[in-house]
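A.B. asks: What follows is a structure written as structure tokens; I'll ask about it next.
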Amino acid sequence: MMGRNHARVYSELKAVDSLYLYDLNEKAARDLAGAFEATASATLESLLKNVDAVSVCVPTPYHFGVAEQVLEAGVPLLIEKPICATVEESRRLIAKIPDGLVAGVGHIERFNPIVPEINKIVRNPLYIEMKRHNPASSRVSGSSVVEDLMIHDVDIMRNVLIPNGAYRLAGSGNQDICSALFAFGGTSVYLSASRKSSKKIRMIYIEEEEFTVEGDFMAQEIYIHRKPGQYAVEDERYVQENIIEKVLVNKQEPLKLELSTFLDCVAKGREFPVSPEQALLNMEICEDVKRCFAV
């Protein structure tokens, strides 16, 4: 599924002159190539000889092996998240990245336009909550709900909102449902993820002393609730008057922004915003969370 999405977006980008696809399923590669005016490569080796950059969109258990081949060919690459199936594999892969080669990891929500806007607003969060609940998906294989869904919010928590400091962690869950409570000094962060939901939820909620921020990743909307200090009791009912601001967000498709950024980094030799080292940190936190699973 992500390979199809990458192929669609690359076919729409002006920076792309030619598009090559490779899949173990040759018919799937040919069908996809026909849909997006691309060339289906017979082997991975032949694809690597024809391209300037590569997206690796294979099931998680195969990330290390495929990415290793791309690195050996010296081709810049973007690996779909998680970087590898385990922390140990992630460290081994990072050690193989040549100096100067552009290598990034596709944590797509980092490119959701509400993320930089929220980062501008938030100063001293007291409480952060992110929910990522999804109906079951047949496209997911080889990873738990933590690496599949929660990892997006782990990335935002650790690499955007709270980039420094140690944490305490409590949690519970299984392969399909998980909750995790982090304590960063005076800030509590609650993450939940599910692949059993009947409703798709992608939300962020942040409380500060003077205001509360609500964000919807799917609608790409942000609201700020401010307290004007007017409280009352009317007919034995507590009443609080709030001012609600809607933040202007320049809505964009996150994947298109991510892939155009990747190609720009390759063309200019710049580091991709989501580095392999950040992706490794995300995996280390995910493995911490999974240790909280009931045995």
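Residues are referred to by chain and number: the chain letter is A, B, ... according to the order shown in the structure tokens, the number counts from 1 in that chain, and ligands are numbered separately from 1 in the order shown.
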Mind checking which residues fall within 8 Å of Gly104 in chain A, counting only C-alpha atoms, ignoring those fewer than 6 positions away in the same chain, and posting them as a PyMOL selection string?

C.D. replies: chain A and resi 77-79+262+271-276

A.B. asks: Go through range 22-120 of chain A and collect every residue that DSSP, computed from the backbone, puts in alpha helix (DSSP H); the answer should be as a PyMOL selection string.

C.D. replies: chain A and resi 26-35+44-50+63-72+87-95+114-120

A.B. asks: Leaving out Leu248 in chain A and any residue of its chain fewer than 4 positions from it, which residues lie within 10 Å of it when counting only C-alpha atoms, given as a ChimeraX atom specification?

C.D. replies: /A:114,117,220-223

A.B. asks: Export, as a PDB file, in the first residue's frame, the selected residues with C-alpha atoms.

C.D. replies:
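Writing done, so here's again-v2.pdb:
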```
ATOM      1  CA  ILE A 114      -0.273  20.906  12.009  1.00  0.00           C
ATOM      2  CA  GLU A 117       2.224  25.001  13.849  1.00  0.00           C
ATOM      3  CA  GLN A 220      -5.356  19.254   9.641  1.00  0.00           C
ATOM      4  CA  GLU A 221      -7.096  21.593  12.055  1.00  0.00           C
ATOM      5  CA  ILE A 222      -5.896  23.240  15.293  1.00  0.00           C
ATOM      6  CA  TYR A 223      -7.980  24.975  17.958  1.00  0.00           C
TER       7      TYR A 223
END
```

A.B. asks: Would you pick out the contacts of Ile128 in chain A at 12 Å or less, using only C-alpha atoms, so that residues sharing its chain but fewer than 3 positions from it are not included, and give the list as a PyMOL selection string?

C.D. replies: chain A and resi 118+122+124-125+131+153-154+156-158+161-162+180-184+186-192+203-208+212-215

A.B. asks: Excluding same-chain residues fewer than 6 positions from range 143-150 of chain A, what lies within 7 Å of it counting only C-alpha atoms, as a list in words?

C.D. replies: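 Counting only the stated atoms, we get Thr60, Pro82, Arg132, Gln175, Asp176, Ile177, Ser192, Ala193, Ser194, Arg195 and Cys286 of chain A.
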
A.B. asks: Output C-alpha atoms for every residue in the selection just made, as an mmCIF file, in the first residue's frame.

C.D. replies:
```cif
data_model
loop_
_atom_site.group_PDB
_atom_site.id
_atom_site.type_symbol
_atom_site.label_atom_id
_atom_site.label_comp_id
_atom_site.auth_asym_id
_atom_site.auth_seq_id
_atom_site.Cartn_x
_atom_site.Cartn_y
_atom_site.Cartn_z
ATOM 1 C CA THR A 60 9.145 -4.208 8.130
ATOM 2 C CA PRO A 82 10.045 1.947 11.344
ATOM 3 C CA ARG A 132 -4.045 7.000 17.072
ATOM 4 C CA GLN A 175 0.029 -6.593 19.606
ATOM 5 C CA ASP A 176 -3.086 -4.612 18.638
ATOM 6 C CA ILE A 177 -3.929 -2.241 21.517
ATOM 7 C CA SER A 192 -2.749 5.310 23.011
ATOM 8 C CA ALA A 193 -2.949 3.251 19.828
ATOM 9 C CA SER A 194 -5.319 0.584 18.580
ATOM 10 C CA ARG A 195 -5.924 -1.543 15.503
ATOM 11 C CA CYS A 286 8.921 1.641 21.244
#
```

A.B. asks: Give me, as a count of residues only, all polymer residues having an atom no more than 12 Å from Ser90 in chain A, counting only C-alpha atoms and skipping those fewer than 5 positions away in the same chain.

C.D. replies: 28

A.B. asks: Go through A:Ser55, A:Ser18, A:Asn112, A:Asn25 and flag the residue nearest Ala38 in chain A, using only C-alpha atoms for the distances.

C.D. replies: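 Using only C-alpha atoms, Ala38 in chain A sits closest to A:Ser18.
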
A.B. asks: Could you tell me how far CA of Asn159 in chain A lies from CA of Pro135 in chain A, in Å and to one decimal?

C.D. replies: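 About the pair CA of Asn159 in chain A and CA of Pro135 in chain A: they are 27.0 Å apart.
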
A.B. asks: Find, counting only C-alpha atoms, the residue in A:Ile108, A:Leu126, A:Leu21, A:Ile285 that gets nearest to Leu255 in chain A.

C.D. replies: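 Using only C-alpha atoms, Leu255 in chain A sits closest to A:Ile108.
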
A.B. asks: Rounded to one decimal, what separation in Å do you get between CA of Val115 in chain A and CA of Arg270 in chain A?

C.D. replies: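 Computing the Euclidean distance for CA of Val115 in chain A and CA of Arg270 in chain A yields 21.4 Å.
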
A.B. asks: Could you give me, as a ChimeraX atom specification, each residue of range 38-67 of chain A that DSSP assigns to strand (DSSP E or B) when run on this structure's backbone?

C.D. replies: /A:39-40,54-56

A.B. asks: Counting only C-alpha atoms, which of A:Tyr167, A:His107, A:Lys290, A:Cys178 gets nearest to Lys196 in chain A?

C.D. replies: A:Cys178
